[in-house]
>>> print(open('structure05.txt').read())   # compact mmCIF, C-alpha atoms and all ligand atoms
# COMPACT_ATOMS: atom_id res chain seq x y z
CA MET A 1 0.00 0.00 0.00
CA VAL A 2 0.99 3.59 -0.51
CA ASP A 3 2.96 5.31 2.26
CA ILE A 4 1.05 8.56 2.50
CA ASP A 5 2.70 9.95 5.61
CA ALA A 6 6.34 10.25 4.63
CA GLY A 7 7.80 13.78 4.97
CA PRO A 8 6.79 16.32 2.32
CA TRP A 9 5.12 13.38 0.60
CA GLY A 10 2.32 13.74 3.13
CA ARG A 11 0.44 15.48 0.33
CA ARG A 12 0.10 12.17 -1.49
CA GLY A 13 -3.07 11.16 0.33
CA ALA A 14 -5.17 14.14 -0.77
CA ALA A 15 -3.69 14.09 -4.25
CA LEU A 16 -4.49 10.40 -4.70
CA GLU A 17 -8.05 11.10 -3.68
CA SER A 18 -8.37 13.50 -6.60
CA VAL A 19 -8.08 10.72 -9.21
CA ALA A 20 -9.76 7.37 -9.80
CA THR A 21 -7.76 4.57 -8.14
CA ASP A 22 -7.59 0.78 -8.19
CA ALA A 23 -8.04 -1.66 -5.30
CA ASP A 24 -4.54 -0.80 -3.99
CA GLY A 25 -5.33 2.91 -3.98
CA LEU A 26 -3.13 3.58 -7.03
CA PRO A 27 -4.06 5.68 -10.07
CA LEU A 28 -5.42 3.83 -13.11
CA THR A 29 -3.51 5.54 -15.92
CA LEU A 30 -0.20 7.31 -16.50
CA ALA A 31 -2.12 10.57 -16.95
CA ASP A 32 -3.67 10.10 -13.49
CA PHE A 33 -0.21 9.42 -12.03
CA ARG A 34 0.99 12.64 -13.63
CA SER A 35 -1.89 14.55 -12.09
CA VAL A 36 -0.95 13.29 -8.60
CA PHE A 37 2.76 13.97 -9.25
CA SER A 38 2.02 17.56 -10.19
CA GLN A 39 0.06 18.08 -6.95
CA VAL A 40 2.71 16.73 -4.57
CA LEU A 41 5.98 18.26 -5.77
CA SER A 42 7.28 21.81 -5.42
CA GLU A 43 7.22 24.22 -8.34
CA SER A 44 10.98 24.06 -8.85
CA THR A 45 11.13 20.25 -8.73
CA LEU A 46 8.29 20.12 -11.26
CA ALA A 47 10.17 22.56 -13.48
CA TYR A 48 13.21 20.29 -13.34
CA TYR A 49 11.37 17.00 -13.93
CA GLU A 50 8.92 18.20 -16.57
CA GLY A 51 10.79 20.93 -18.41
CA GLY A 52 12.49 20.87 -21.79
CA GLY A 53 14.91 23.00 -23.79
CA ALA A 54 14.03 26.52 -25.01
CA ASP A 55 10.53 26.57 -26.59
CA GLU A 56 9.97 22.91 -25.72
CA LEU A 57 9.16 22.11 -29.36
CA THR A 58 11.03 18.81 -29.20
CA LEU A 59 9.50 18.03 -25.80
CA ALA A 60 6.02 18.27 -27.33
CA GLU A 61 7.06 16.52 -30.52
CA ASN A 62 8.29 13.50 -28.55
CA VAL A 63 4.75 12.71 -27.40
CA ASN A 64 3.05 13.92 -30.58
CA SER A 65 5.18 11.76 -32.90
CA TRP A 66 3.92 8.52 -31.36
CA GLN A 67 0.37 9.86 -31.11
CA ARG A 68 0.26 10.79 -34.81
CA MET A 69 1.03 7.22 -35.96
CA ASN A 70 -1.96 5.03 -36.80
CA LEU A 71 -1.99 1.33 -36.05
CA TRP A 72 -3.46 -0.84 -38.83
CA PRO A 73 -5.10 -3.83 -37.14
CA ARG A 74 -5.55 -7.27 -38.70
CA VAL A 75 -8.61 -9.26 -37.67
CA LEU A 76 -9.63 -12.91 -37.36
CA ARG A 77 -6.16 -14.10 -36.53
CA GLY A 78 -7.28 -16.46 -33.76
CA ILE A 79 -5.25 -14.70 -31.06
CA ASP A 80 -6.32 -15.68 -27.55
CA SER A 81 -3.03 -14.89 -25.81
CA VAL A 82 -0.06 -12.62 -26.52
CA ASP A 83 3.65 -12.69 -25.71
CA THR A 84 5.24 -9.35 -24.78
CA SER A 85 8.74 -10.79 -24.29
CA CYS A 86 11.67 -9.55 -26.33
CA GLU A 87 15.41 -9.90 -26.65
CA PHE A 88 18.16 -7.33 -26.60
CA LEU A 89 21.86 -7.50 -25.80
CA GLY A 90 21.49 -11.25 -26.01
CA ARG A 91 19.07 -11.48 -23.04
CA ARG A 92 15.35 -12.22 -23.01
CA MET A 93 13.12 -9.85 -21.03
CA PRO A 94 9.42 -10.26 -20.17
CA HIS A 95 8.53 -6.96 -21.85
CA PRO A 96 10.26 -4.10 -23.69
CA PHE A 97 9.99 -1.33 -21.06
CA ILE A 98 13.28 -0.21 -19.50
CA VAL A 99 13.54 2.45 -16.80
CA ALA A 100 15.49 5.35 -18.36
CA PRO A 101 18.22 6.98 -16.28
CA THR A 102 16.83 10.09 -14.59
CA ALA A 103 18.64 12.09 -11.94
CA PHE A 104 17.81 12.97 -8.33
CA HIS A 105 15.05 10.60 -7.25
CA GLY A 106 15.43 11.89 -3.69
CA LEU A 107 13.27 14.82 -4.78
CA ALA A 108 10.37 12.44 -5.46
CA ASP A 109 10.57 9.86 -2.67
CA PRO A 110 12.43 9.50 0.65
CA ASP A 111 13.88 6.15 -0.52
CA ALA A 112 15.05 7.77 -3.77
CA GLU A 113 16.58 5.39 -6.37
CA ILE A 114 16.17 2.40 -4.06
CA ALA A 115 12.39 2.82 -4.30
CA THR A 116 12.60 3.10 -8.09
CA ALA A 117 14.75 -0.01 -8.43
CA ARG A 118 12.34 -1.97 -6.19
CA GLY A 119 9.41 -0.89 -8.35
CA ALA A 120 11.27 -1.85 -11.54
CA LEU A 121 12.16 -5.26 -10.08
CA ASP A 122 8.55 -5.89 -9.12
CA ALA A 123 7.45 -5.13 -12.69
CA GLY A 124 10.22 -7.16 -14.38
CA ALA A 125 11.95 -4.10 -15.86
CA ILE A 126 15.63 -3.22 -16.12
CA TYR A 127 16.52 -0.21 -13.98
CA THR A 128 19.10 2.27 -15.28
CA LEU A 129 20.85 4.13 -12.45
CA SER A 130 21.99 7.67 -13.33
CA THR A 131 25.45 9.01 -12.48
CA LEU A 132 23.48 11.90 -10.93
CA ALA A 133 21.58 9.70 -8.51
CA HIS A 134 21.19 10.25 -4.79
CA THR A 135 22.22 6.59 -4.42
CA GLY A 136 25.59 5.24 -5.56
CA PRO A 137 25.88 1.93 -7.45
CA VAL A 138 27.23 -0.04 -4.48
CA GLU A 139 24.47 1.18 -2.15
CA LEU A 140 21.79 0.43 -4.76
CA ALA A 141 23.07 -3.08 -5.40
CA ALA A 142 23.19 -3.80 -1.66
CA ALA A 143 19.63 -2.54 -1.13
CA VAL A 144 18.02 -4.22 -4.16
CA PRO A 145 20.38 -7.07 -5.06
CA ASP A 146 17.90 -8.81 -7.37
CA ALA A 147 17.18 -5.76 -9.53
CA ARG A 148 18.30 -6.12 -13.15
CA ARG A 149 20.37 -2.97 -13.49
CA TRP A 150 22.35 -0.89 -15.95
CA PHE A 151 24.61 2.02 -15.01
CA GLN A 152 24.35 5.33 -16.88
CA LEU A 153 27.66 7.13 -17.15
CA TYR A 154 28.38 10.81 -17.51
CA VAL A 155 32.10 11.02 -18.17
CA LEU A 156 33.56 13.33 -15.53
CA ARG A 157 36.49 15.66 -16.14
CA ASP A 158 38.30 13.51 -13.60
CA ARG A 159 38.89 10.36 -15.65
CA ALA A 160 40.34 8.38 -12.75
CA LEU A 161 37.18 9.05 -10.74
CA THR A 162 35.04 8.14 -13.77
CA ARG A 163 36.85 4.84 -14.07
CA ALA A 164 36.49 4.18 -10.34
CA ILE A 165 32.71 4.75 -10.58
CA VAL A 166 32.49 2.36 -13.55
CA GLU A 167 34.53 -0.23 -11.65
CA GLU A 168 32.15 0.06 -8.69
CA ALA A 169 29.21 -0.54 -11.02
CA VAL A 170 30.92 -3.53 -12.63
CA ALA A 171 31.82 -5.03 -9.25
CA SER A 172 28.30 -4.55 -7.92
CA GLY A 173 26.49 -6.49 -10.61
CA PHE A 174 25.41 -3.86 -13.15
CA GLU A 175 24.91 -5.52 -16.53
CA ALA A 176 25.64 -2.71 -18.99
CA ILE A 177 27.21 0.74 -19.12
CA VAL A 178 25.03 3.37 -20.80
CA ILE A 179 27.21 6.34 -21.82
CA THR A 180 25.14 9.48 -22.33
CA VAL A 181 26.64 11.60 -25.10
CA ASP A 182 24.16 14.43 -25.59
CA LEU A 183 25.27 16.52 -22.56
CA PRO A 184 27.23 18.69 -21.61
CA PRO A 185 26.42 21.44 -21.93
CA ALA A 186 22.91 21.20 -20.52
CA GLY A 187 20.18 22.57 -22.76
CA ARG A 188 18.69 25.97 -22.00
CA ARG A 189 15.85 24.85 -19.78
CA GLU A 190 13.93 28.00 -19.15
CA ARG A 191 11.51 26.54 -16.61
CA GLU A 192 14.52 25.70 -14.43
CA MET A 193 15.97 29.16 -14.95
CA ARG A 194 12.69 30.81 -13.91
CA THR A 195 12.25 28.80 -10.71
CA GLY A 196 15.93 28.94 -9.74
CA PHE A 197 16.19 25.15 -9.52
CA THR A 198 19.48 23.97 -8.02
CA LEU A 199 20.97 20.51 -7.69
CA GLY A 200 22.43 19.29 -4.44
CA GLY A 201 21.67 21.07 -1.17
CA ASP A 202 20.71 18.70 1.64
CA LEU A 203 20.51 15.66 -0.60
CA VAL A 204 24.01 14.40 -1.39
CA VAL A 205 24.77 13.16 -4.89
CA PRO A 206 27.69 10.75 -4.32
CA SER A 207 29.33 11.29 -7.74
CA ILE A 208 29.23 15.10 -7.41
CA ALA A 209 30.53 14.91 -3.84
CA ALA A 210 33.35 12.58 -4.97
CA ALA A 211 34.26 15.13 -7.65
CA GLY A 212 34.78 17.62 -4.80
CA THR A 213 31.69 19.81 -5.33
CA THR A 214 29.71 20.42 -2.17
CA GLU A 215 27.79 23.62 -3.03
CA PRO A 216 24.38 23.41 -4.75
CA ILE A 217 24.78 23.75 -8.53
CA THR A 218 22.53 24.53 -11.47
CA MET A 219 22.47 22.73 -14.81
CA PHE A 220 24.72 25.48 -16.14
CA ASP A 221 27.50 24.39 -13.78
CA LEU A 222 27.58 20.86 -15.18
CA PRO A 223 30.29 21.61 -17.77
CA ASN A 224 32.62 22.18 -14.80
CA LEU A 225 32.02 18.59 -13.74
CA PHE A 226 31.51 16.71 -17.00
CA ASP A 227 34.02 16.29 -19.80
CA ALA A 228 32.85 18.09 -22.94
CA THR A 229 35.93 16.97 -24.89
CA LEU A 230 34.56 13.42 -25.15
CA SER A 231 35.02 11.82 -28.58
CA TRP A 232 34.64 8.40 -30.22
CA SER A 233 38.14 7.34 -29.14
CA ASP A 234 37.01 7.76 -25.51
CA ILE A 235 34.06 5.48 -26.16
CA GLU A 236 36.51 2.85 -27.46
CA GLN A 237 38.58 3.28 -24.32
CA ILE A 238 35.58 2.93 -21.99
CA VAL A 239 34.52 -0.21 -23.88
CA ARG A 240 37.91 -1.65 -22.89
CA TRP A 241 37.46 -0.82 -19.18
CA SER A 242 35.22 -3.85 -18.61
CA ASP A 243 33.54 -6.82 -20.23
CA LEU A 244 30.14 -5.20 -19.93
CA PRO A 245 28.29 -4.14 -23.06
CA VAL A 246 28.39 -0.38 -23.68
CA ILE A 247 25.28 1.39 -24.93
CA VAL A 248 25.63 4.90 -26.40
CA LYS A 249 22.64 7.02 -25.38
CA GLY A 250 21.66 10.23 -27.11
CA VAL A 251 22.14 9.44 -30.79
CA LEU A 252 19.79 10.82 -33.47
CA HIS A 253 21.90 11.00 -36.64
CA PRO A 254 22.25 7.69 -38.53
CA ARG A 255 25.99 8.33 -39.04
CA ASP A 256 26.51 8.67 -35.29
CA ALA A 257 24.68 5.38 -34.74
CA LEU A 258 26.99 3.74 -37.25
CA ALA A 259 30.01 5.34 -35.55
CA ALA A 260 28.83 3.87 -32.22
CA ALA A 261 28.76 0.40 -33.79
CA GLU A 262 32.20 0.95 -35.33
CA HIS A 263 33.71 2.06 -32.02
CA GLY A 264 32.63 -1.01 -30.08
CA ALA A 265 29.19 -0.17 -28.68
CA ALA A 266 26.75 -3.05 -28.28
CA GLY A 267 23.71 -0.80 -28.55
CA VAL A 268 22.44 2.73 -29.05
CA VAL A 269 19.56 4.65 -27.52
CA VAL A 270 17.92 6.88 -30.09
CA SER A 271 17.14 9.76 -27.78
CA ASN A 272 16.96 13.54 -27.48
CA HIS A 273 17.21 13.38 -23.67
CA GLY A 274 13.49 13.83 -23.23
CA GLY A 275 13.49 17.11 -25.17
CA ARG A 276 15.73 18.68 -22.53
CA GLN A 277 18.79 19.46 -24.64
CA LEU A 278 18.84 21.14 -28.07
CA ASP A 279 15.36 22.26 -29.03
CA SER A 280 14.11 21.56 -32.58
CA VAL A 281 15.91 18.24 -32.91
CA PRO A 282 13.73 15.37 -34.16
CA SER A 283 11.90 13.05 -31.81
CA GLY A 284 13.28 9.59 -31.17
CA ALA A 285 10.28 8.27 -33.08
CA ALA A 286 11.22 10.32 -36.15
CA ALA A 287 14.93 9.44 -36.00
CA LEU A 288 14.47 5.73 -35.29
CA ALA A 289 14.00 4.27 -38.78
CA GLY A 290 17.12 6.03 -40.13
CA VAL A 291 19.23 4.63 -37.30
CA VAL A 292 17.83 1.11 -37.72
CA ASP A 293 18.67 1.29 -41.42
CA ALA A 294 22.19 2.58 -40.81
CA VAL A 295 23.25 0.02 -38.20
CA HIS A 296 21.66 -2.85 -40.10
CA GLY A 297 21.42 -5.22 -37.13
CA ARG A 298 25.02 -4.68 -35.92
CA VAL A 299 23.90 -3.28 -32.56
CA SER A 300 20.74 -3.29 -30.44
CA VAL A 301 18.59 -0.23 -31.08
CA LEU A 302 16.58 1.24 -28.22
CA VAL A 303 14.52 4.41 -28.32
CA ASP A 304 13.07 6.87 -25.82
CA GLY A 305 11.18 10.14 -25.57
CA GLY A 306 7.44 10.49 -25.16
CA ILE A 307 6.58 6.83 -24.52
CA ARG A 308 3.30 7.24 -22.62
CA ARG A 309 1.22 4.25 -23.75
CA GLY A 310 1.90 0.55 -24.15
CA THR A 311 0.89 0.90 -27.79
CA ASP A 312 3.83 3.29 -28.32
CA ALA A 313 6.08 0.25 -27.88
CA ILE A 314 4.25 -1.50 -30.75
CA LYS A 315 4.94 1.54 -32.93
CA ALA A 316 8.60 1.60 -31.88
CA ARG A 317 8.94 -2.12 -32.64
CA ALA A 318 7.33 -1.59 -36.05
CA LEU A 319 10.03 0.99 -36.80
CA GLY A 320 12.75 -1.47 -35.78
CA ALA A 321 13.45 -0.79 -32.07
CA ASP A 322 14.34 -3.73 -29.84
CA ALA A 323 12.97 -2.05 -26.68
CA VAL A 324 12.00 1.36 -25.27
CA LEU A 325 13.09 3.48 -22.31
CA VAL A 326 10.60 5.34 -20.14
CA GLY A 327 11.68 8.52 -18.36
CA ARG A 328 9.18 10.93 -16.81
CA PRO A 329 6.30 8.46 -16.23
CA ILE A 330 8.56 6.60 -13.79
CA LEU A 331 8.99 9.86 -11.87
CA TYR A 332 5.19 10.31 -11.91
CA GLY A 333 4.86 6.88 -10.26
CA LEU A 334 7.68 7.52 -7.80
CA ALA A 335 6.38 10.91 -6.64
CA ALA A 336 2.76 9.77 -6.47
CA ALA A 337 3.29 6.54 -4.56
CA GLY A 338 6.95 5.52 -4.18
CA SER A 339 8.03 2.05 -5.20
CA PRO A 340 4.47 0.67 -5.69
CA GLY A 341 3.82 3.65 -7.96
CA VAL A 342 6.84 2.86 -10.16
CA SER A 343 5.76 -0.75 -10.42
CA ALA A 344 2.18 0.26 -11.23
CA VAL A 345 3.26 2.63 -14.03
CA LEU A 346 5.28 -0.15 -15.65
CA LYS A 347 2.49 -2.70 -15.22
CA ILE A 348 -0.02 -0.33 -16.81
CA LEU A 349 2.29 0.00 -19.83
CA VAL A 350 2.61 -3.80 -20.06
CA ALA A 351 -1.18 -4.25 -19.79
CA GLU A 352 -1.70 -1.65 -22.53
CA LEU A 353 0.87 -3.44 -24.67
CA GLU A 354 -0.87 -6.80 -24.18
CA ASN A 355 -4.22 -5.30 -25.07
CA GLY A 356 -2.72 -3.48 -28.07
CA LEU A 357 -1.05 -6.62 -29.44
CA ALA A 358 -4.30 -8.60 -29.21
CA LEU A 359 -6.34 -5.85 -30.88
CA VAL A 360 -3.79 -5.14 -33.62
CA GLY A 361 -3.69 -8.86 -34.39
CA GLU A 362 -0.11 -9.68 -33.38
CA ARG A 363 0.58 -12.66 -31.13
CA ARG A 364 4.19 -11.77 -30.33
CA PHE A 365 5.77 -8.37 -29.68
CA ASP A 366 8.97 -9.66 -31.26
CA GLU A 367 7.20 -10.36 -34.54
CA VAL A 368 5.61 -6.93 -35.02
CA THR A 369 6.62 -5.56 -38.41
CA ALA A 370 6.30 -2.28 -40.32
CA SER A 371 2.94 -3.43 -41.74
CA VAL A 372 1.15 -2.43 -38.51
CA LEU A 373 2.02 1.17 -39.39
CA ASN A 374 1.72 0.95 -43.14
CA PRO A 375 -0.45 -1.56 -45.00
CA GLU A 376 1.82 -1.31 -48.03
CA ALA A 377 5.01 -2.14 -46.15
C1 LIG A 401 14.15 14.75 -14.79
C2 LIG A 401 14.99 14.04 -15.80
C3 LIG A 401 16.30 13.73 -15.49
C4 LIG A 401 17.09 13.06 -16.41
N1 LIG A 401 18.35 12.69 -16.04
C5 LIG A 401 19.10 11.97 -16.91
C6 LIG A 401 20.36 11.48 -16.50
O1 LIG A 401 20.81 11.68 -15.38
N2 LIG A 401 21.07 10.77 -17.41
C7 LIG A 401 20.60 10.51 -18.67
O2 LIG A 401 21.28 9.84 -19.46
N3 LIG A 401 19.38 10.94 -19.07
C8 LIG A 401 18.63 11.65 -18.21
N4 LIG A 401 17.37 12.05 -18.61
C9 LIG A 401 16.85 11.64 -19.92
C10 LIG A 401 16.12 10.28 -19.82
O3 LIG A 401 17.06 9.24 -19.65
C11 LIG A 401 15.32 9.96 -21.09
O4 LIG A 401 16.16 10.07 -22.22
C12 LIG A 401 14.08 10.82 -21.27
O5 LIG A 401 13.52 11.16 -20.03
C13 LIG A 401 13.06 10.08 -22.12
O6 LIG A 401 11.95 10.89 -22.37
P1 LIG A 401 10.56 10.82 -21.54
O7 LIG A 401 10.82 11.50 -20.23
O8 LIG A 401 9.63 11.55 -22.42
O9 LIG A 401 10.21 9.35 -21.38
C14 LIG A 401 16.58 12.73 -17.69
C15 LIG A 401 15.25 13.05 -18.00
C16 LIG A 401 14.45 13.69 -17.07
C17 LIG A 401 13.03 13.99 -17.42
>>> encode(input="structure05.txt", output="structure tokens")
Amino acid sequence: MVDIDAGPWGRRGAALESVATDADGLPLTLADFRSVFSQVLSESTLAYYEGGGADELTLAENVNSWQRMNLWPRVLRGIDSVDTSCEFLGRRMPHPFIVAPTAFHGLADPDAEIATARGALDAGAIYTLSTLAHTGPVELAAAVPDARRWFQLYVLRDRALTRAIVEEAVASGFEAIVITVDLPPAGRREREMRTGFTLGGDLVVPSIAAAGTTEPITMFDLPNLFDATLSWSDIEQIVRWSDLPVIVKGVLHPRDALAAAEHGAAGVVVSNHGGRQLDSVPSGAAALAGVVDAVHGRVSVLVDGGIRRGTDAIKARALGADAVLVGRPILYGLAAAGSPGVSAVLKILVAELENGLALVGERRFDEVTASVLNPEA
């Protein structure tokens, strides 16, 4: 059941009463979770979690791109059960929803990333821990040892520290390193600028503390911490640091996806960082087909940005993605109801995917092809 009394999260009770809930007292849809989330958090935390770059054109386009696509159902295919499982990086997963790396979960729940990882585990999803988490990789692994987990890396200016963080993740059972390449600098997020959002303060971010920064910082200070000189030769070097697969996150251009494959990556995430970086770049949905074409099966292709319905995963699969990452909706679940909220958000997406597969006439998620988007394909 939902812990409605914890700290500033005491507002959860009243907010949950404002939406329709299930037998466990949890919202029924992702939109309802978002409504609760927006009632419980402060204005500046909301600006940070929800905001995008500049005019937020890409932020809106991320959701709109999936919504614009029609699904073309086939009927009378005798489908009485569906299989949502899928394979990427050589492993089978029960469904294609992966928890995207997002920073600072301590702003949404007192148990921070530990709550998120528990929710992901309960829903059978991989959890990607951000470098900018309030929980370090060793602490997370100790608290939720059974969670399937990937580690998202921002390469710090201090390479020795970066390597030490990666080694901690490797030693504590993380299964992949996700290197995010579309930051620094941070995008011009005007909502954050208006509310004066700062990172840090009372909640310690272990990686930032280890880098020697103790004062609260804004997104504009990140270039002081992160290495903007990163290039493909660094990716090759990081690939050699461990036996874990390396996934390059934040690729839109087909040539960059190909470069990732050529420099030793095992996968790419087609992503614009949730519309938070350069405004006017294409959505993941729009960039996906070009990337799939360019890499031609050499690496796993994942996509994120604007996934808000289980049926969006069918559309992504039809365009060639192996799986999808989900960012903000996980924060909606976390802020609204902690770990059970995260689990519920993921389970709603899986239920929508199951329903969508049955109604579109596809027995297996894995076997969805371009013809569900285009009858002539
Ligand atoms: C509040 C917030 C924090 C984020 N922090 C990180 C991060 O630390 N590392 C990273 O690689 N991506 C980060 N992202 C980007 C997400 O991993 C993901 O690409 C994006 O949220 C997907 O879009 P969606 O929110 O529409 O699902 C963040 C996104 C949000 C909304």
>>> closest_atom_pairs(input="structure05.txt", of="chain A", to="ligand LIG 401 (chain A)", cutoff="6 Å", atoms="all atoms listed in the file", output="JSON lines")
{"residue": "A:Tyr48", "atom": "CA", "partner": "A:LIG401", "partner_atom": "C1", "distance": 5.8}
{"residue": "A:Tyr49", "atom": "CA", "partner": "A:LIG401", "partner_atom": "C1", "distance": 3.7}
{"residue": "A:Glu50", "atom": "CA", "partner": "A:LIG401", "partner_atom": "C17", "distance": 5.9}
{"residue": "A:Ala100", "atom": "CA", "partner": "A:LIG401", "partner_atom": "O3", "distance": 4.4}
{"residue": "A:Pro101", "atom": "CA", "partner": "A:LIG401", "partner_atom": "O3", "distance": 4.2}
{"residue": "A:Thr102", "atom": "CA", "partner": "A:LIG401", "partner_atom": "N1", "distance": 3.3}
{"residue": "A:Ala103", "atom": "CA", "partner": "A:LIG401", "partner_atom": "O1", "distance": 4.1}
{"residue": "A:Ser130", "atom": "CA", "partner": "A:LIG401", "partner_atom": "O1", "distance": 4.7}
{"residue": "A:Leu132", "atom": "CA", "partner": "A:LIG401", "partner_atom": "O1", "distance": 5.2}
{"residue": "A:Thr180", "atom": "CA", "partner": "A:LIG401", "partner_atom": "O2", "distance": 4.8}
{"residue": "A:Ser271", "atom": "CA", "partner": "A:LIG401", "partner_atom": "O4", "distance": 5.7}
{"residue": "A:His273", "atom": "CA", "partner": "A:LIG401", "partner_atom": "O4", "distance": 3.8}
{"residue": "A:Gly274", "atom": "CA", "partner": "A:LIG401", "partner_atom": "O6", "distance": 3.4}
{"residue": "A:Asp304", "atom": "CA", "partner": "A:LIG401", "partner_atom": "C13", "distance": 4.9}
{"residue": "A:Gly305", "atom": "CA", "partner": "A:LIG401", "partner_atom": "O6", "distance": 3.4}
{"residue": "A:Gly306", "atom": "CA", "partner": "A:LIG401", "partner_atom": "O8", "distance": 3.7}
{"residue": "A:Ile307", "atom": "CA", "partner": "A:LIG401", "partner_atom": "O9", "distance": 5.4}
{"residue": "A:Val326", "atom": "CA", "partner": "A:LIG401", "partner_atom": "O9", "distance": 4.2}
{"residue": "A:Gly327", "atom": "CA", "partner": "A:LIG401", "partner_atom": "O9", "distance": 3.5}
{"residue": "A:Arg328", "atom": "CA", "partner": "A:LIG401", "partner_atom": "O7", "distance": 3.8}
>>> write_last_selection(input="structure05.txt", atoms="C-alpha atoms", output="compact mmCIF listing (two decimals), in the coordinates of the input")
# COMPACT_ATOMS: atom_id res chain seq x y z
CA TYR A 48 13.21 20.29 -13.34
CA TYR A 49 11.37 17.00 -13.93
CA GLU A 50 8.92 18.20 -16.57
CA ALA A 100 15.49 5.35 -18.36
CA PRO A 101 18.22 6.98 -16.28
CA THR A 102 16.83 10.09 -14.59
CA ALA A 103 18.64 12.09 -11.94
CA SER A 130 21.99 7.67 -13.33
CA LEU A 132 23.48 11.90 -10.93
CA THR A 180 25.14 9.48 -22.33
CA SER A 271 17.14 9.76 -27.78
CA HIS A 273 17.21 13.38 -23.67
CA GLY A 274 13.49 13.83 -23.23
CA ASP A 304 13.07 6.87 -25.82
CA GLY A 305 11.18 10.14 -25.57
CA GLY A 306 7.44 10.49 -25.16
CA ILE A 307 6.58 6.83 -24.52
CA VAL A 326 10.60 5.34 -20.14
CA GLY A 327 11.68 8.52 -18.36
CA ARG A 328 9.18 10.93 -16.81
>>> atom_distance(input="structure05.txt", atom1="CA of Ile179 (chain A)", atom2="CA of Tyr154 (chain A)")
6.3 Å
>>> residues_around(input="structure05.txt", residues="Val36 (chain A)", least_positions_apart="6", cutoff="10 Å", atoms="only C-alpha atoms", output="mmCIF file with C-alpha atoms, keeping the file's coordinate frame")
data_model
loop_
_atom_site.group_PDB
_atom_site.id
_atom_site.type_symbol
_atom_site.label_atom_id
_atom_site.label_comp_id
_atom_site.auth_asym_id
_atom_site.auth_seq_id
_atom_site.Cartn_x
_atom_site.Cartn_y
_atom_site.Cartn_z
ATOM 1 C CA ARG A 11 0.440 15.480 0.330
ATOM 2 C CA ARG A 12 0.100 12.170 -1.490
ATOM 3 C CA GLY A 13 -3.070 11.160 0.330
ATOM 4 C CA ALA A 14 -5.170 14.140 -0.770
ATOM 5 C CA ALA A 15 -3.690 14.090 -4.250
ATOM 6 C CA LEU A 16 -4.490 10.400 -4.700
ATOM 7 C CA GLU A 17 -8.050 11.100 -3.680
ATOM 8 C CA SER A 18 -8.370 13.500 -6.600
ATOM 9 C CA VAL A 19 -8.080 10.720 -9.210
ATOM 10 C CA PRO A 27 -4.060 5.680 -10.070
ATOM 11 C CA LEU A 30 -0.200 7.310 -16.500
ATOM 12 C CA TYR A 332 5.190 10.310 -11.910
ATOM 13 C CA GLY A 333 4.860 6.880 -10.260
ATOM 14 C CA ALA A 335 6.380 10.910 -6.640
ATOM 15 C CA ALA A 336 2.760 9.770 -6.470
ATOM 16 C CA ALA A 337 3.290 6.540 -4.560
#
>>> residues_around(input="structure05.txt", residues="Gly212 (chain A)", least_positions_apart="2", cutoff="12 Å", atoms="only C-alpha atoms", output="list of chain:residue names")
A:Leu156, A:Arg157, A:Asp158, A:Leu161, A:Val204, A:Val205, A:Pro206, A:Ser207, A:Ile208, A:Ala209, A:Ala210, A:Thr214, A:Glu215, A:Pro216, A:Asn224, A:Leu225
>>> residues_around(input="structure05.txt", residues="region 230-242 of chain A", least_positions_apart="3", cutoff="12 Å", atoms="only C-alpha atoms", output="PyMOL selection string")
chain A and resi 153-157+159-160+162-171+174-185+223+226-227+245-249+256-267
>>> atom_distance(input="structure05.txt", atom1="CA of Leu325 (chain A)", atom2="CA of Asp221 (chain A)")
26.8 Å
>>> closest_residue(input="structure05.txt", among="A:Phe97, A:Phe220, A:Phe37, A:Trp66", to="Leu319 (chain A)", atoms="all atoms listed in the file")
A:Trp66
>>> residues_around(input="structure05.txt", residues="Met193 (chain A)", least_positions_apart="5", cutoff="12 Å", atoms="all atoms listed in the file", output="number ranges by chain")
A: 44-45, 47-48, 51-54, 186-188, 198, 218-220
>>> closest_residue(input="structure05.txt", among="A:Ser35, A:Gln152, A:Ile314, A:Arg255", to="Val372 (chain A)", atoms="all atoms listed in the file")
A:Ile314
>>> closest_residue(input="structure05.txt", among="A:Gly341, A:Pro329, A:Pro375, A:Gly361", to="Ala31 (chain A)", atoms="all atoms listed in the file")
A:Pro329
>>> closest_residue(input="structure05.txt", among="A:Pro254, A:Gly284, A:Gly10, A:Gly297", to="Ala316 (chain A)", atoms="all atoms listed in the file")
A:Gly284
>>> closest_residue(input="structure05.txt", among="A:Leu57, A:Ala377, A:Ala358, A:Val368", to="Gln277 (chain A)", atoms="all atoms listed in the file")
A:Leu57
>>> atom_distance(input="structure05.txt", atom1="CA of Ala318 (chain A)", atom2="CA of Ser371 (chain A)")
7.4 Å
>>> closest_residue(input="structure05.txt", among="A:Tyr127, A:Phe197, A:Trp72, A:Phe365", to="Ile98 (chain A)", atoms="only C-alpha atoms")
A:Tyr127
>>> residues_around(input="structure05.txt", residues="Ala120 (chain A)", least_positions_apart="4", cutoff="12 Å", atoms="all atoms listed in the file", output="number ranges by chain")
A: 95, 97-100, 113-116, 124-129, 144, 146-150, 326, 330-331, 333-334, 338-347
>>> decode(input="structure05.txt", residues="region 80-88 of chain A", atoms="C-alpha atoms", output="mmCIF file, in the first residue's frame")
data_model
loop_
_atom_site.group_PDB
_atom_site.id
_atom_site.type_symbol
_atom_site.label_atom_id
_atom_site.label_comp_id
_atom_site.auth_asym_id
_atom_site.auth_seq_id
_atom_site.Cartn_x
_atom_site.Cartn_y
_atom_site.Cartn_z
ATOM 1 C CA ASP A 80 -6.318 -15.681 -27.551
ATOM 2 C CA SER A 81 -3.025 -14.891 -25.814
ATOM 3 C CA VAL A 82 -0.064 -12.619 -26.516
ATOM 4 C CA ASP A 83 3.646 -12.692 -25.709
ATOM 5 C CA THR A 84 5.245 -9.354 -24.785
ATOM 6 C CA SER A 85 8.744 -10.791 -24.293
ATOM 7 C CA CYS A 86 11.667 -9.553 -26.329
ATOM 8 C CA GLU A 87 15.408 -9.896 -26.650
ATOM 9 C CA PHE A 88 18.161 -7.328 -26.599
#
